[in-house]
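Shown next: query-v8.cif, given as mmCIF, N, CA and C atoms.
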```cif
data_run
#
loop_
_atom_site.label_atom_id
_atom_site.label_comp_id
_atom_site.auth_asym_id
_atom_site.auth_seq_id
_atom_site.Cartn_x
_atom_site.Cartn_y
_atom_site.Cartn_z
N MET A 1 5.35 10.23 -4.69
CA MET A 1 5.07 9.50 -5.91
C MET A 1 6.24 8.57 -6.24
N LYS A 2 7.47 9.03 -5.95
CA LYS A 2 8.63 8.19 -6.24
C LYS A 2 8.62 6.93 -5.39
N LYS A 3 8.15 7.06 -4.14
CA LYS A 3 8.08 5.89 -3.27
C LYS A 3 7.08 4.87 -3.81
N VAL A 4 5.96 5.34 -4.31
CA VAL A 4 4.94 4.45 -4.85
C VAL A 4 5.47 3.74 -6.09
N LEU A 5 6.17 4.49 -6.95
CA LEU A 5 6.74 3.89 -8.14
C LEU A 5 7.79 2.85 -7.78
N LEU A 6 8.63 3.17 -6.81
CA LEU A 6 9.65 2.22 -6.37
C LEU A 6 9.01 0.96 -5.78
N LEU A 7 7.98 1.14 -4.96
CA LEU A 7 7.28 -0.01 -4.39
C LEU A 7 6.63 -0.86 -5.48
N SER A 8 6.05 -0.21 -6.48
CA SER A 8 5.44 -0.95 -7.58
C SER A 8 6.48 -1.75 -8.35
N LEU A 9 7.63 -1.15 -8.60
CA LEU A 9 8.69 -1.87 -9.30
C LEU A 9 9.19 -3.06 -8.50
N VAL A 10 9.33 -2.88 -7.19
CA VAL A 10 9.79 -3.99 -6.34
C VAL A 10 8.77 -5.12 -6.36
N LEU A 11 7.49 -4.78 -6.30
CA LEU A 11 6.46 -5.82 -6.33
C LEU A 11 6.41 -6.53 -7.68
N VAL A 12 6.62 -5.80 -8.76
CA VAL A 12 6.64 -6.43 -10.08
C VAL A 12 7.84 -7.36 -10.20
N MET A 13 9.01 -6.92 -9.69
CA MET A 13 10.19 -7.79 -9.72
C MET A 13 9.95 -9.05 -8.89
N PHE A 14 9.30 -8.89 -7.74
CA PHE A 14 8.97 -10.06 -6.93
C PHE A 14 8.04 -11.00 -7.69
N LEU A 15 7.10 -10.42 -8.39
CA LEU A 15 6.15 -11.23 -9.15
C LEU A 15 6.86 -12.04 -10.22
N PHE A 16 7.77 -11.40 -10.96
CA PHE A 16 8.49 -12.12 -12.01
C PHE A 16 9.45 -13.15 -11.42
N ALA A 17 10.06 -12.83 -10.29
CA ALA A 17 10.96 -13.79 -9.65
C ALA A 17 10.16 -15.01 -9.18
N GLN A 18 8.98 -14.79 -8.66
CA GLN A 18 8.15 -15.91 -8.21
C GLN A 18 7.71 -16.75 -9.40
N GLU A 19 7.38 -16.10 -10.51
CA GLU A 19 6.94 -16.84 -11.68
C GLU A 19 8.09 -17.65 -12.28
N ALA A 20 9.30 -17.13 -12.21
CA ALA A 20 10.46 -17.88 -12.70
C ALA A 20 10.74 -19.08 -11.80
N ALA A 21 10.43 -18.95 -10.53
CA ALA A 21 10.71 -20.03 -9.59
C ALA A 21 9.66 -21.14 -9.66
N THR A 22 8.56 -20.93 -10.34
CA THR A 22 7.51 -21.96 -10.39
C THR A 22 7.92 -23.17 -11.20
N GLY A 23 8.96 -23.06 -12.02
CA GLY A 23 9.40 -24.18 -12.83
C GLY A 23 10.27 -25.17 -12.07
N THR A 24 10.61 -24.89 -10.83
CA THR A 24 11.45 -25.80 -10.07
C THR A 24 10.67 -27.03 -9.66
N ALA A 25 11.40 -28.09 -9.31
CA ALA A 25 10.76 -29.35 -8.94
C ALA A 25 10.12 -29.27 -7.56
N ALA A 26 10.53 -28.32 -6.73
CA ALA A 26 10.03 -28.24 -5.36
C ALA A 26 8.60 -27.72 -5.31
N THR A 27 8.22 -26.89 -6.26
CA THR A 27 6.90 -26.27 -6.22
C THR A 27 6.14 -26.61 -7.49
N LYS A 28 4.98 -27.21 -7.32
CA LYS A 28 4.10 -27.49 -8.47
C LYS A 28 2.82 -26.70 -8.27
N LEU A 29 2.44 -25.97 -9.32
CA LEU A 29 1.22 -25.18 -9.24
C LEU A 29 0.05 -25.97 -9.81
N ALA A 30 -1.08 -25.82 -9.17
CA ALA A 30 -2.31 -26.41 -9.69
C ALA A 30 -2.72 -25.63 -10.94
N PRO A 31 -3.59 -26.17 -11.76
CA PRO A 31 -4.06 -25.42 -12.93
C PRO A 31 -4.70 -24.10 -12.49
N GLY A 32 -4.28 -23.03 -13.10
CA GLY A 32 -4.78 -21.71 -12.74
C GLY A 32 -3.99 -21.07 -11.61
N GLY A 33 -2.98 -21.74 -11.09
CA GLY A 33 -2.21 -21.20 -9.98
C GLY A 33 -1.38 -19.99 -10.37
N ALA A 34 -0.75 -20.07 -11.56
CA ALA A 34 0.06 -18.93 -12.01
C ALA A 34 -0.82 -17.71 -12.23
N THR A 35 -2.01 -17.93 -12.75
CA THR A 35 -2.94 -16.81 -12.95
C THR A 35 -3.32 -16.18 -11.62
N PHE A 36 -3.55 -17.01 -10.61
CA PHE A 36 -3.91 -16.51 -9.29
C PHE A 36 -2.80 -15.63 -8.73
N PHE A 37 -1.56 -16.10 -8.80
CA PHE A 37 -0.46 -15.32 -8.23
C PHE A 37 -0.17 -14.07 -9.05
N THR A 38 -0.39 -14.12 -10.35
CA THR A 38 -0.20 -12.94 -11.19
C THR A 38 -1.22 -11.87 -10.82
N TRP A 39 -2.48 -12.27 -10.72
CA TRP A 39 -3.52 -11.30 -10.37
C TRP A 39 -3.36 -10.79 -8.94
N LEU A 40 -2.85 -11.63 -8.07
CA LEU A 40 -2.59 -11.20 -6.69
C LEU A 40 -1.54 -10.10 -6.67
N GLY A 41 -0.48 -10.27 -7.45
CA GLY A 41 0.55 -9.23 -7.52
C GLY A 41 0.02 -7.95 -8.12
N ILE A 42 -0.75 -8.05 -9.18
CA ILE A 42 -1.31 -6.85 -9.82
C ILE A 42 -2.29 -6.15 -8.88
N ALA A 43 -3.14 -6.91 -8.20
CA ALA A 43 -4.09 -6.31 -7.26
C ALA A 43 -3.37 -5.64 -6.10
N SER A 44 -2.27 -6.23 -5.65
CA SER A 44 -1.49 -5.63 -4.56
C SER A 44 -0.91 -4.30 -4.97
N ILE A 45 -0.37 -4.24 -6.18
CA ILE A 45 0.19 -2.99 -6.67
C ILE A 45 -0.89 -1.93 -6.79
N ILE A 46 -2.01 -2.29 -7.38
CA ILE A 46 -3.11 -1.33 -7.55
C ILE A 46 -3.63 -0.87 -6.19
N GLY A 47 -3.76 -1.79 -5.24
CA GLY A 47 -4.24 -1.42 -3.91
C GLY A 47 -3.31 -0.44 -3.21
N MET A 48 -2.02 -0.66 -3.30
CA MET A 48 -1.08 0.25 -2.63
C MET A 48 -1.05 1.60 -3.32
N VAL A 49 -1.14 1.61 -4.64
CA VAL A 49 -1.15 2.89 -5.37
C VAL A 49 -2.39 3.69 -5.00
N LEU A 50 -3.55 3.04 -4.99
CA LEU A 50 -4.78 3.76 -4.63
C LEU A 50 -4.75 4.25 -3.19
N THR A 51 -4.18 3.45 -2.30
CA THR A 51 -4.06 3.89 -0.90
C THR A 51 -3.14 5.09 -0.79
N ALA A 52 -2.03 5.06 -1.49
CA ALA A 52 -1.09 6.18 -1.45
C ALA A 52 -1.71 7.45 -2.01
N ILE A 53 -2.47 7.32 -3.09
CA ILE A 53 -3.12 8.48 -3.68
C ILE A 53 -4.16 9.04 -2.72
N GLY A 54 -4.97 8.18 -2.12
CA GLY A 54 -6.00 8.63 -1.17
C GLY A 54 -5.41 9.31 0.04
N VAL A 55 -4.35 8.73 0.60
CA VAL A 55 -3.71 9.33 1.77
C VAL A 55 -3.07 10.65 1.41
N ALA A 56 -2.46 10.75 0.22
CA ALA A 56 -1.83 12.00 -0.20
C ALA A 56 -2.87 13.12 -0.33
N PHE A 57 -4.01 12.80 -0.94
CA PHE A 57 -5.06 13.82 -1.05
C PHE A 57 -5.59 14.22 0.33
N ALA A 58 -5.79 13.27 1.21
CA ALA A 58 -6.30 13.58 2.54
C ALA A 58 -5.30 14.43 3.33
N GLN A 59 -4.02 14.10 3.23
CA GLN A 59 -3.02 14.87 3.96
C GLN A 59 -2.89 16.28 3.40
N SER A 60 -2.95 16.42 2.09
CA SER A 60 -2.84 17.76 1.52
C SER A 60 -4.06 18.60 1.89
N SER A 61 -5.22 17.98 1.93
CA SER A 61 -6.43 18.71 2.32
C SER A 61 -6.36 19.14 3.79
N ALA A 62 -5.88 18.25 4.65
CA ALA A 62 -5.75 18.59 6.07
C ALA A 62 -4.75 19.72 6.28
N ALA A 63 -3.64 19.66 5.57
CA ALA A 63 -2.63 20.72 5.70
C ALA A 63 -3.18 22.05 5.19
N LYS A 64 -3.91 22.01 4.07
CA LYS A 64 -4.48 23.24 3.52
C LYS A 64 -5.45 23.88 4.50
N LYS A 65 -6.33 23.06 5.08
CA LYS A 65 -7.32 23.61 6.03
C LYS A 65 -6.64 24.15 7.28
N ALA A 66 -5.61 23.45 7.76
CA ALA A 66 -4.92 23.92 8.96
C ALA A 66 -4.19 25.23 8.69
N LEU A 67 -3.57 25.36 7.53
CA LEU A 67 -2.86 26.60 7.20
C LEU A 67 -3.85 27.75 6.96
N ASP A 68 -4.99 27.44 6.38
CA ASP A 68 -6.02 28.47 6.22
C ASP A 68 -6.52 28.96 7.59
N GLY A 69 -6.73 28.04 8.50
CA GLY A 69 -7.17 28.40 9.84
C GLY A 69 -6.11 29.20 10.59
N ALA A 70 -4.86 28.83 10.42
CA ALA A 70 -3.78 29.57 11.08
C ALA A 70 -3.63 30.97 10.49
N ALA A 71 -3.91 31.12 9.21
CA ALA A 71 -3.82 32.44 8.58
C ALA A 71 -4.96 33.34 9.05
N ARG A 72 -6.12 32.75 9.30
CA ARG A 72 -7.26 33.54 9.77
C ARG A 72 -7.13 33.93 11.24
N GLN A 73 -6.65 32.99 12.05
CA GLN A 73 -6.51 33.25 13.48
C GLN A 73 -5.10 32.83 13.93
N PRO A 74 -4.15 33.72 13.83
CA PRO A 74 -2.77 33.37 14.17
C PRO A 74 -2.58 32.98 15.64
N GLU A 75 -3.48 33.41 16.51
CA GLU A 75 -3.31 33.10 17.94
C GLU A 75 -3.55 31.62 18.25
N VAL A 76 -4.25 30.89 17.39
CA VAL A 76 -4.48 29.47 17.64
C VAL A 76 -3.67 28.58 16.69
N ALA A 77 -2.68 29.14 16.06
CA ALA A 77 -1.88 28.40 15.07
C ALA A 77 -1.17 27.21 15.71
N GLY A 78 -0.67 27.37 16.93
CA GLY A 78 0.03 26.26 17.59
C GLY A 78 -0.88 25.08 17.83
N ARG A 79 -2.09 25.34 18.33
CA ARG A 79 -3.04 24.25 18.57
C ARG A 79 -3.47 23.59 17.27
N LEU A 80 -3.67 24.41 16.22
CA LEU A 80 -4.06 23.85 14.93
C LEU A 80 -2.98 22.93 14.37
N MET A 81 -1.74 23.35 14.49
CA MET A 81 -0.65 22.53 13.95
C MET A 81 -0.53 21.21 14.72
N THR A 82 -0.72 21.27 16.03
CA THR A 82 -0.66 20.05 16.83
C THR A 82 -1.77 19.08 16.42
N GLN A 83 -2.97 19.60 16.28
CA GLN A 83 -4.09 18.76 15.87
C GLN A 83 -3.90 18.23 14.45
N MET A 84 -3.32 19.07 13.57
CA MET A 84 -3.08 18.62 12.21
C MET A 84 -2.05 17.49 12.19
N LEU A 85 -1.00 17.61 12.99
CA LEU A 85 0.02 16.56 13.02
C LEU A 85 -0.55 15.24 13.54
N ILE A 86 -1.42 15.31 14.53
CA ILE A 86 -2.07 14.09 15.03
C ILE A 86 -2.94 13.47 13.94
N ALA A 87 -3.68 14.31 13.21
CA ALA A 87 -4.51 13.80 12.12
C ALA A 87 -3.64 13.19 11.01
N LEU A 88 -2.50 13.80 10.72
CA LEU A 88 -1.60 13.26 9.70
C LEU A 88 -1.04 11.90 10.12
N VAL A 89 -0.77 11.75 11.41
CA VAL A 89 -0.28 10.46 11.90
C VAL A 89 -1.34 9.38 11.69
N PHE A 90 -2.60 9.70 11.97
CA PHE A 90 -3.67 8.72 11.76
C PHE A 90 -3.82 8.38 10.28
N MET A 91 -3.68 9.37 9.41
CA MET A 91 -3.79 9.10 7.98
C MET A 91 -2.64 8.23 7.50
N GLU A 92 -1.44 8.50 7.98
CA GLU A 92 -0.29 7.70 7.57
C GLU A 92 -0.41 6.27 8.11
N THR A 93 -1.02 6.12 9.28
CA THR A 93 -1.25 4.79 9.83
C THR A 93 -2.15 3.98 8.91
N LEU A 94 -3.12 4.63 8.28
CA LEU A 94 -3.98 3.94 7.32
C LEU A 94 -3.16 3.37 6.17
N ALA A 95 -2.21 4.14 5.68
CA ALA A 95 -1.36 3.65 4.59
C ALA A 95 -0.49 2.48 5.05
N ILE A 96 0.00 2.53 6.28
CA ILE A 96 0.82 1.44 6.80
C ILE A 96 -0.03 0.18 6.98
N TYR A 97 -1.27 0.32 7.42
CA TYR A 97 -2.16 -0.83 7.54
C TYR A 97 -2.43 -1.45 6.17
N ALA A 98 -2.63 -0.61 5.17
CA ALA A 98 -2.86 -1.13 3.82
C ALA A 98 -1.63 -1.90 3.33
N LEU A 99 -0.44 -1.38 3.61
CA LEU A 99 0.79 -2.07 3.23
C LEU A 99 0.90 -3.40 3.97
N LEU A 100 0.51 -3.43 5.23
CA LEU A 100 0.55 -4.67 6.01
C LEU A 100 -0.40 -5.71 5.42
N VAL A 101 -1.60 -5.30 5.05
CA VAL A 101 -2.56 -6.23 4.46
C VAL A 101 -2.03 -6.76 3.13
N ILE A 102 -1.40 -5.90 2.35
CA ILE A 102 -0.85 -6.34 1.06
C ILE A 102 0.28 -7.34 1.29
N PHE A 103 1.16 -7.08 2.26
CA PHE A 103 2.22 -8.04 2.55
C PHE A 103 1.65 -9.37 3.04
N LEU A 104 0.59 -9.31 3.83
CA LEU A 104 -0.04 -10.55 4.28
C LEU A 104 -0.61 -11.34 3.10
N LEU A 105 -1.23 -10.65 2.17
CA LEU A 105 -1.78 -11.33 1.00
C LEU A 105 -0.68 -11.92 0.12
N LEU A 106 0.44 -11.21 0.03
CA LEU A 106 1.52 -11.69 -0.83
C LEU A 106 2.28 -12.86 -0.21
N PHE A 107 2.55 -12.80 1.08
CA PHE A 107 3.46 -13.76 1.68
C PHE A 107 2.78 -14.79 2.59
N VAL A 108 1.65 -14.47 3.17
CA VAL A 108 0.98 -15.40 4.10
C VAL A 108 -0.46 -15.59 3.62
N ASN A 109 -0.62 -15.80 2.35
CA ASN A 109 -1.94 -15.88 1.77
C ASN A 109 -2.64 -17.19 2.17
N PRO A 110 -3.83 -17.11 2.79
CA PRO A 110 -4.52 -18.33 3.19
C PRO A 110 -5.07 -19.14 2.00
N PHE A 111 -5.15 -18.55 0.83
CA PHE A 111 -5.68 -19.25 -0.33
C PHE A 111 -4.62 -19.97 -1.15
N THR A 112 -3.36 -19.84 -0.73
CA THR A 112 -2.26 -20.47 -1.46
C THR A 112 -2.42 -21.97 -1.53
N LYS A 113 -2.97 -22.57 -0.47
CA LYS A 113 -3.10 -24.03 -0.43
C LYS A 113 -3.98 -24.57 -1.56
N PHE A 114 -4.84 -23.73 -2.11
CA PHE A 114 -5.70 -24.17 -3.20
C PHE A 114 -4.98 -24.14 -4.56
N PHE A 115 -3.84 -23.43 -4.63
CA PHE A 115 -3.18 -23.24 -5.91
C PHE A 115 -1.79 -23.87 -5.99
N VAL A 116 -1.28 -24.37 -4.88
CA VAL A 116 0.03 -25.01 -4.85
C VAL A 116 -0.18 -26.47 -4.47
N MET A 117 0.38 -27.38 -5.27
CA MET A 117 0.23 -28.81 -4.97
C MET A 117 1.29 -29.26 -3.98
#
```
Show the structure stored in the file as structure tokens.
Amino acid sequence: MKKVLLLSLVLVMFLFAQEAATGTAATKLAPGGATFFTWLGIASIIGMVLTAIGVAFAQSSAAKKALDGAARQPEVAGRLMTQMLIALVFMETLAIYALLVIFLLLFVNPFTKFFVM
């Protein structure tokens, strides 16, 4: 949860820094451009928070089921833990992909050309 909060704070700081930089002569925003970038930042934060919450619930559920299975049949505990770790890696990869998509939207947004003159 602390990581999600820290990421949210960093994204909000980036959003305010970008909004402060819009007053420079080098960048002129089209009408509605500031609104677009504001909502983009807010949507990015919400998307990452929801992804983190979903992955956390999925990982805790997988760990719970694996530990329940190991408690019922201790002789297969090693195989269960191996399979659980592989499943956890796939779940964490989902969170990394979501972060990648958010970074792409923030920094390499294809719609920016419509909002920056």
> When you draw a straight line from atom CA of Phe36 of chain A to atom CA of Phe115 of chain A, how long is it in Å?
Replying inline: 7.6 Å
> atom C of Thr51 of chain A to atom CA of Ala95 of chain A: how many Å, to one decimal?
Replying inline: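 Those two atoms sit 5.8 Å apart.
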> Ala98 of chain A: which residues within 8 Å, counting only C-alpha atoms, same-chain residues fewer than 2 positions away excluded, as a list in words?
Replying inline: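 Residues near the query, excluding close chain neighbours: Gly47, Met48, Thr51, Leu94, Ala95, Ile96, Leu100, Val101 and Ile102 of chain A.
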> Rounded to one decimal in Å, what is the spacing between atom C of Trp39 of chain A and atom C of Leu106 of chain A?
Replying inline: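 Result for atom C of Trp39 of chain A versus atom C of Leu106 of chain A: 10.6 Å, one decimal.
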>> Selection in question (the file shown): the PyMOL selection byres ((chain A and resi 80-84) around 8). Which residues does it include, as a list in words?
In response: Ala62, Ala63, Ala66, Leu67, Gly69, Ala70, Glu75, Val76, Ala77, Gly78, Arg79, Leu85, Ile86, Ala87, Leu88, Val89 and Phe90 of chain A
>> I'd like to know which of A:Pro31, A:Ser44, A:Asp68, A:Ile53 is closest to Phe103 of chain A, using only N, CA and C atoms.
In response: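 Of A:Pro31, A:Ser44, A:Asp68, A:Ile53, the one nearest Phe103 of chain A, counting only N, CA and C atoms, is A:Ser44.
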>> Measuring between only N, CA and C atoms, which one of A:Ser8, A:Thr93, A:Gln73, A:Gln59 shows the shortest distance to Ile45 of chain A?
In response: A:Ser8
